[in-house]
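Asker: Coordinates in entry.cif, mmCIF, C-alpha atoms, are listed below.
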```cif
data_run
#
loop_
_atom_site.group_PDB
_atom_site.id
_atom_site.type_symbol
_atom_site.label_atom_id
_atom_site.label_comp_id
_atom_site.auth_asym_id
_atom_site.auth_seq_id
_atom_site.Cartn_x
_atom_site.Cartn_y
_atom_site.Cartn_z
ATOM 1 C CA GLU A 1 99.016 117.383 119.404
ATOM 2 C CA THR A 2 100.896 114.305 120.478
ATOM 3 C CA GLY A 3 102.896 111.660 118.685
ATOM 4 C CA VAL A 4 103.800 111.936 115.021
ATOM 5 C CA THR A 5 101.565 113.984 112.731
ATOM 6 C CA GLN A 6 101.659 113.815 108.942
ATOM 7 C CA THR A 7 100.021 116.142 106.443
ATOM 8 C CA PRO A 8 98.384 115.903 104.050
ATOM 9 C CA ARG A 9 96.739 112.524 104.700
ATOM 10 C CA HIS A 10 95.856 112.182 101.014
ATOM 11 C CA LEU A 11 97.488 113.745 97.965
ATOM 12 C CA VAL A 12 96.779 113.370 94.259
ATOM 13 C CA MET A 13 99.280 114.896 91.882
ATOM 14 C CA GLY A 14 100.225 114.866 88.241
ATOM 15 C CA MET A 15 103.638 113.834 87.048
ATOM 16 C CA THR A 16 104.676 117.446 86.445
ATOM 17 C CA ASN A 17 103.542 118.799 89.813
ATOM 18 C CA LYS A 18 105.681 119.757 92.774
ATOM 19 C CA LYS A 19 104.306 119.006 96.229
ATOM 20 C CA SER A 20 105.619 118.392 99.739
ATOM 21 C CA LEU A 21 104.760 116.024 102.547
ATOM 22 C CA LYS A 22 105.167 117.248 106.102
ATOM 23 C CA CYS A 23 105.892 115.363 109.303
ATOM 24 C CA GLU A 24 106.024 116.732 112.823
ATOM 25 C CA GLN A 25 106.846 114.874 116.021
ATOM 26 C CA HIS A 26 106.046 116.061 119.540
ATOM 27 C CA LEU A 27 107.973 113.337 121.362
ATOM 28 C CA GLY A 28 111.348 114.983 121.815
ATOM 29 C CA HIS A 29 112.962 112.330 119.605
ATOM 30 C CA ASN A 30 116.279 112.877 117.871
ATOM 31 C CA ALA A 31 115.908 110.670 114.801
ATOM 32 C CA MET A 32 113.328 110.873 112.013
ATOM 33 C CA TYR A 33 112.652 108.587 109.065
ATOM 34 C CA TRP A 34 110.748 108.369 105.796
ATOM 35 C CA TYR A 35 109.391 104.964 104.763
ATOM 36 C CA LYS A 36 107.481 103.941 101.630
ATOM 37 C CA GLN A 37 104.689 101.373 102.049
ATOM 38 C CA SER A 38 103.278 99.752 98.908
ATOM 39 C CA ALA A 39 100.490 97.180 98.949
ATOM 40 C CA LYS A 40 101.644 93.681 99.893
ATOM 41 C CA LYS A 41 105.291 94.801 100.049
ATOM 42 C CA PRO A 42 107.620 95.340 103.009
ATOM 43 C CA LEU A 43 108.174 98.820 104.331
ATOM 44 C CA GLU A 44 111.058 100.415 102.455
ATOM 45 C CA LEU A 45 113.357 102.776 104.306
ATOM 46 C CA MET A 46 114.013 105.922 102.270
ATOM 47 C CA PHE A 47 115.838 108.448 104.463
ATOM 48 C CA VAL A 48 117.129 108.742 108.017
ATOM 49 C CA TYR A 49 117.949 111.940 109.885
ATOM 50 C CA ASN A 50 119.717 111.946 113.233
ATOM 51 C CA PHE A 51 119.998 115.287 115.046
ATOM 52 C CA LYS A 52 118.967 117.026 111.776
ATOM 53 C CA GLU A 53 121.791 115.401 109.814
ATOM 54 C CA GLN A 54 120.979 112.941 107.049
ATOM 55 C CA THR A 55 122.590 109.640 107.967
ATOM 56 C CA GLU A 56 121.026 107.419 105.336
ATOM 57 C CA ASN A 57 119.759 107.718 101.791
ATOM 58 C CA ASN A 58 118.613 104.290 100.693
ATOM 59 C CA SER A 59 119.298 104.784 96.966
ATOM 60 C CA VAL A 60 116.194 106.913 96.593
ATOM 61 C CA PRO A 61 115.643 108.631 93.202
ATOM 62 C CA SER A 62 116.387 112.354 93.197
ATOM 63 C CA ARG A 63 112.739 113.176 92.460
ATOM 64 C CA PHE A 64 112.317 112.662 96.218
ATOM 65 C CA SER A 65 114.110 115.347 98.221
ATOM 66 C CA PRO A 66 114.053 115.308 102.036
ATOM 67 C CA GLU A 67 114.507 118.291 104.306
ATOM 68 C CA CYS A 68 114.950 118.318 108.081
ATOM 69 C CA PRO A 69 115.080 121.898 109.415
ATOM 70 C CA ASN A 70 115.069 120.754 113.052
ATOM 71 C CA SER A 71 114.670 117.579 115.104
ATOM 72 C CA SER A 72 110.881 117.969 115.216
ATOM 73 C CA HIS A 73 110.104 118.514 111.534
ATOM 74 C CA LEU A 74 110.723 116.482 108.424
ATOM 75 C CA PHE A 75 109.629 117.190 104.862
ATOM 76 C CA LEU A 76 109.608 115.143 101.688
ATOM 77 C CA HIS A 77 109.616 117.303 98.565
ATOM 78 C CA LEU A 78 108.179 115.622 95.490
ATOM 79 C CA HIS A 79 108.708 116.596 91.848
ATOM 80 C CA THR A 80 108.233 114.900 88.480
ATOM 81 C CA LEU A 81 107.028 111.705 90.123
ATOM 82 C CA GLN A 82 106.020 108.550 88.283
ATOM 83 C CA PRO A 83 102.788 106.538 88.689
ATOM 84 C CA GLU A 84 104.788 103.749 90.361
ATOM 85 C CA ASP A 85 105.603 106.203 93.162
ATOM 86 C CA SER A 86 101.974 105.965 94.290
ATOM 87 C CA ALA A 87 102.100 104.544 97.811
ATOM 88 C CA LEU A 88 101.634 105.324 101.488
ATOM 89 C CA TYR A 89 104.535 107.405 102.793
ATOM 90 C CA LEU A 90 105.132 106.903 106.482
ATOM 91 C CA CYS A 91 107.141 109.161 108.732
ATOM 92 C CA ALA A 92 108.599 107.790 111.953
ATOM 93 C CA SER A 93 110.709 109.032 114.813
ATOM 94 C CA SER A 94 112.797 107.402 117.528
ATOM 95 C CA GLN A 95 114.676 108.466 120.632
ATOM 96 C CA GLY A 96 118.044 107.652 119.116
ATOM 97 C CA ASN A 97 119.333 106.156 115.921
ATOM 98 C CA LEU A 98 118.431 102.565 115.093
ATOM 99 C CA ASP A 99 121.647 101.189 116.596
ATOM 100 C CA SER A 100 120.794 102.184 120.154
ATOM 101 C CA GLY A 101 119.171 99.533 122.315
ATOM 102 C CA ALA A 102 115.564 98.537 121.804
ATOM 103 C CA ASN A 103 115.044 101.617 119.685
ATOM 104 C CA VAL A 104 111.326 101.706 118.981
ATOM 105 C CA LEU A 105 109.902 103.587 116.030
ATOM 106 C CA THR A 106 106.821 105.762 116.491
ATOM 107 C CA PHE A 107 105.012 106.121 113.181
ATOM 108 C CA GLY A 108 102.660 108.700 111.787
ATOM 109 C CA ALA A 109 99.451 107.613 110.052
ATOM 110 C CA GLY A 110 100.986 108.267 106.651
ATOM 111 C CA SER A 111 100.324 110.337 103.547
ATOM 112 C CA ARG A 112 98.536 108.386 100.802
ATOM 113 C CA LEU A 113 100.035 109.579 97.511
ATOM 114 C CA THR A 114 98.484 108.952 94.095
ATOM 115 C CA VAL A 115 100.436 110.008 91.010
ATOM 116 C CA LEU A 116 98.358 110.292 87.840
ATOM 117 C CA GLY B 1 119.191 92.445 101.150
ATOM 118 C CA GLN B 2 117.619 90.714 104.098
ATOM 119 C CA ASN B 3 114.916 88.063 103.798
ATOM 120 C CA ILE B 4 111.938 88.178 106.145
ATOM 121 C CA ASP B 5 108.965 85.909 105.535
ATOM 122 C CA GLN B 6 105.551 85.902 107.140
ATOM 123 C CA PRO B 7 102.182 84.621 105.907
ATOM 124 C CA THR B 8 100.116 87.064 103.886
ATOM 125 C CA GLU B 9 96.760 86.435 105.530
ATOM 126 C CA MET B 10 95.215 84.590 108.470
ATOM 127 C CA THR B 11 91.628 84.280 109.631
ATOM 128 C CA ALA B 12 90.437 83.277 113.086
ATOM 129 C CA THR B 13 87.324 83.363 115.238
ATOM 130 C CA GLU B 14 86.669 85.755 118.078
ATOM 131 C CA GLY B 15 87.959 84.285 121.347
ATOM 132 C CA ALA B 16 90.394 81.952 119.601
ATOM 133 C CA ILE B 17 94.199 81.976 119.437
ATOM 134 C CA VAL B 18 96.268 82.852 116.371
ATOM 135 C CA GLN B 19 100.006 82.394 115.882
ATOM 136 C CA ILE B 20 101.787 84.500 113.267
ATOM 137 C CA ASN B 21 105.146 83.074 112.248
ATOM 138 C CA CYS B 22 108.111 85.064 110.998
ATOM 139 C CA THR B 23 111.305 83.567 109.620
ATOM 140 C CA TYR B 24 114.332 85.604 108.762
ATOM 141 C CA GLN B 25 117.745 85.351 107.165
ATOM 142 C CA THR B 26 119.954 88.301 108.010
ATOM 143 C CA SER B 27 123.613 89.133 108.259
ATOM 144 C CA GLY B 28 123.888 89.181 112.043
ATOM 145 C CA PHE B 29 121.076 89.905 114.459
ATOM 146 C CA ASN B 30 120.315 92.738 116.870
ATOM 147 C CA GLY B 31 116.676 92.306 117.742
ATOM 148 C CA LEU B 32 113.252 91.518 116.341
ATOM 149 C CA PHE B 33 110.189 93.746 116.551
ATOM 150 C CA TRP B 34 106.470 93.235 116.006
ATOM 151 C CA TYR B 35 104.221 96.125 115.007
ATOM 152 C CA GLN B 36 100.439 96.270 114.575
ATOM 153 C CA GLN B 37 98.879 98.377 111.828
ATOM 154 C CA HIS B 38 95.127 98.931 111.561
ATOM 155 C CA ALA B 39 93.864 99.932 108.134
ATOM 156 C CA GLY B 40 94.515 103.612 107.477
ATOM 157 C CA GLU B 41 96.440 104.046 110.706
ATOM 158 C CA ALA B 42 100.033 104.233 111.900
ATOM 159 C CA PRO B 43 101.944 101.055 112.749
ATOM 160 C CA THR B 44 102.256 100.777 116.535
ATOM 161 C CA PHE B 45 104.911 98.903 118.523
ATOM 162 C CA LEU B 46 103.869 95.611 120.089
ATOM 163 C CA SER B 47 106.993 93.763 121.213
ATOM 164 C CA TYR B 48 110.771 93.456 121.082
ATOM 165 C CA ASN B 49 112.864 90.281 121.408
ATOM 166 C CA VAL B 50 116.649 90.157 121.427
ATOM 167 C CA LEU B 51 117.216 86.991 123.514
ATOM 168 C CA ASP B 52 115.705 83.553 122.941
ATOM 169 C CA GLY B 53 112.450 82.817 124.663
ATOM 170 C CA LEU B 54 108.952 84.083 125.205
ATOM 171 C CA GLU B 55 107.969 87.649 126.084
ATOM 172 C CA GLU B 56 104.419 88.009 127.361
ATOM 173 C CA LYS B 57 102.386 91.188 127.371
ATOM 174 C CA GLY B 58 98.786 90.596 128.293
ATOM 175 C CA ARG B 59 96.965 88.836 125.446
ATOM 176 C CA PHE B 60 99.990 89.145 123.155
ATOM 177 C CA SER B 61 103.202 87.103 123.407
ATOM 178 C CA SER B 62 106.255 87.019 121.181
ATOM 179 C CA PHE B 63 108.774 84.199 120.888
ATOM 180 C CA LEU B 64 112.272 84.167 119.444
ATOM 181 C CA SER B 65 114.708 81.433 118.440
ATOM 182 C CA ARG B 66 117.895 82.997 117.092
ATOM 183 C CA SER B 67 119.440 79.678 116.084
ATOM 184 C CA LYS B 68 116.415 78.917 113.898
ATOM 185 C CA GLY B 69 115.911 82.451 112.611
ATOM 186 C CA TYR B 70 112.332 82.227 113.783
ATOM 187 C CA SER B 71 109.821 84.235 115.743
ATOM 188 C CA TYR B 72 106.107 84.101 116.331
ATOM 189 C CA LEU B 73 103.515 86.503 117.646
ATOM 190 C CA LEU B 74 100.743 84.820 119.619
ATOM 191 C CA LEU B 75 97.411 86.573 119.961
ATOM 192 C CA LYS B 76 95.124 85.054 122.597
ATOM 193 C CA GLU B 77 91.418 85.610 123.331
ATOM 194 C CA LEU B 78 91.024 87.291 119.968
ATOM 195 C CA GLN B 79 88.824 90.354 119.777
ATOM 196 C CA MET B 80 87.333 92.025 116.714
ATOM 197 C CA LYS B 81 89.654 95.001 117.276
ATOM 198 C CA ASP B 82 92.641 92.692 116.719
ATOM 199 C CA SER B 83 91.820 92.631 112.998
ATOM 200 C CA ALA B 84 94.876 94.374 111.567
ATOM 201 C CA SER B 85 98.145 93.843 109.760
ATOM 202 C CA TYR B 86 101.053 92.559 111.863
ATOM 203 C CA LEU B 87 104.564 93.503 110.768
ATOM 204 C CA CYS B 88 107.695 91.569 111.696
ATOM 205 C CA ALA B 89 110.921 93.612 111.591
ATOM 206 C CA VAL B 90 114.494 92.441 112.138
ATOM 207 C CA ARG B 91 117.580 94.495 112.957
ATOM 208 C CA ASP B 92 120.678 92.957 111.414
ATOM 209 C CA GLY B 93 124.338 93.026 112.433
ATOM 210 C CA ASP B 94 124.741 96.526 111.014
ATOM 211 C CA TYR B 95 121.627 97.681 112.876
ATOM 212 C CA LYS B 96 119.692 97.986 109.656
ATOM 213 C CA LEU B 97 115.993 97.415 110.257
ATOM 214 C CA SER B 98 114.130 95.372 107.625
ATOM 215 C CA PHE B 99 110.404 94.681 107.596
ATOM 216 C CA GLY B 100 108.384 91.740 106.374
ATOM 217 C CA ALA B 101 105.423 92.395 104.073
ATOM 218 C CA GLY B 102 102.984 91.972 106.964
ATOM 219 C CA THR B 103 100.287 89.460 107.888
ATOM 220 C CA THR B 104 96.673 90.587 107.647
ATOM 221 C CA VAL B 105 94.640 88.993 110.433
ATOM 222 C CA THR B 106 90.870 88.938 110.099
ATOM 223 C CA VAL B 107 88.848 88.114 113.203
ATOM 224 C CA ARG B 108 85.361 86.761 112.527
ATOM 225 C CA ALA B 109 82.472 86.763 114.976
#
```
Would you mind writing the file out in structure tokens?
Answerer:
Amino acid sequence: ETGVTQTPRHLVMGMTNKKSLKCEQHLGHNAMYWYKQSAKKPLELMFVYNFKEQTENNSVPSRFSPECPNSSHLFLHLHTLQPEDSALYLCASSQGNLDSGANVLTFGAGSRLTVL
Amino acid sequence: GQNIDQPTEMTATEGAIVQINCTYQTSGFNGLFWYQQHAGEAPTFLSYNVLDGLEEKGRFSSFLSRSKGYSYLLLKELQMKDSASYLCAVRDGDYKLSFGAGTTVTVRA
């Protein structure tokens, strides 16, 4: 496996369910990110982890709970979501944090979430 | 928040040239990125501009004017595989990265 891998690719859940999204990067990067992508809207940054430490929480509701056990893995735990949370959730990684040089993000293909 | 504008959709013919404009209003500036995203796939990095001028990479070029808060991505000799969404992203003075909503380019035969 190379690059950034996200699982599952598609997820349908009810509002009372608990599920998790997983992201794994094989690039040796130190920073990992969760973004939300809704149709016709800009990518929204949700969380940033740098060397396993959370460095940014972009006012995300507590029904989204991130976890970063090591620099290669990132999870997004989901519980009691709302239908408006339906979107594509993209994971990304970068060599350093966003304030270092031409820091390029490498994205995964995303997890398409539908909340019924 | 930051304001990044780009057209929603553009259509062009195979072999032609298309220019995707991006205007931005941010608090400070620390670089502008272009990403390409095919439907159902990950966004992939295309170009990075931090100084004024044109950066050329094969069929793709990106231009930046910091004084005008303006960039464009130029796609030459369009191919069917260039049909995708193109995302403009700007890093502000606090190194926060903000994305535009993306421009969907459709290449017709």
Asker: Between atom CA of B:Gly93 and atom CA of A:Met46, measure the distance and give it in Å to one decimal.
Answerer: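 Atom-to-atom, atom CA of B:Gly93 to atom CA of A:Met46, that is 19.4 Å.
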Asker: Residues of chain A within 12 Å of chain B, counting only C-alpha atoms - could you list those as a PyMOL selection string?
Answerer: chain A and resi 3-6+9-10+33+35-46+48+56+58+88-94+97-112
Asker: Write out as a list in words each polymer residue whose atoms come within 12 Å of A:Pro83, counting only C-alpha atoms; drop sequence neighbours fewer than 6 positions from it.
Answerer: Val12, Met13, Gly14, Met15, Thr16, Leu113, Thr114, Val115 and Leu116 of chain A
Asker: I need the chosen residues saved as a compact mmCIF listing (two decimals), in the frame of the given file, with C-alpha atoms.
Answerer:
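See out-v9.txt below for the written result:
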```txt
# COMPACT_ATOMS: atom_id res chain seq x y z
CA VAL A 12 96.78 113.37 94.26
CA MET A 13 99.28 114.90 91.88
CA GLY A 14 100.22 114.87 88.24
CA MET A 15 103.64 113.83 87.05
CA THR A 16 104.68 117.45 86.44
CA LEU A 113 100.04 109.58 97.51
CA THR A 114 98.48 108.95 94.10
CA VAL A 115 100.44 110.01 91.01
CA LEU A 116 98.36 110.29 87.84
```
Asker: Rounded to one decimal in Å, what is the spacing between atom CA of A:Ala87 and atom CA of A:Trp34?
Answerer: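 It comes out at 12.4 Å.
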Asker: Decode the PyMOL selection byres ((chain A and resi 30) around 9) for the given file into explicit residues and return them as a PyMOL selection string.
Answerer: chain A and resi 28-29+31-32+49-52+71-72+93-97
Asker: Rounded to one decimal place, report the atom CA of B:Ile20-atom CA of B:Arg66 distance in Å.
Answerer: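 Separation between atom CA of B:Ile20 and atom CA of B:Arg66: 16.6 Å.
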Asker: Just say which residues the PyMOL selection byres ((chain A and resi 73) around 8) picks in this file, as a list of chain:residue names.
Answerer: A:Lys22, A:Cys23, A:Glu24, A:Gln25, A:Cys68, A:Pro69, A:Asn70, A:Ser71, A:Ser72, A:Leu74, A:Phe75
Asker: Measuring between all atoms listed in the file, which one of B:Ser67, B:Ala84, B:Leu74, B:Gln79 shows the shortest distance to B:Glu55?
Answerer: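 Ranking B:Ser67, B:Ala84, B:Leu74, B:Gln79 by distance to B:Glu55, first place goes to B:Leu74.
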Asker: Assuming the chain letters and numbering stay as they are in my file, what does the PyMOL selection byres ((chain B and resi 3) around 7) actually select? List them as number ranges by chain.
Answerer: B: 1-2, 4-5, 24-26
Asker: Rank B:Val105, B:Leu64, B:Leu78, B:Tyr72 by their smallest atom-to-atom distance to B:Ile17, using all atoms listed in the file, and report the top residue only.
Answerer: B:Leu78
Asker: Residues within 6 Å of A:Ser20, please, as a list of chain:residue names. Count all atoms listed in the file; anything in the same chain fewer than 4 positions from it doesn't count.
Answerer: A:Leu76, A:His77, A:Leu78
Asker: Using all atoms listed in the file, which residues sit within 9 Å of B:Thr106 once same-chain residues fewer than 5 positions away are excluded, as a list in words?
Answerer: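 Those residues are Glu9, Met10, Thr11, Ala12, Thr13, Met80, Asp82, Ser83, Ala84 and Ser85 of chain B.
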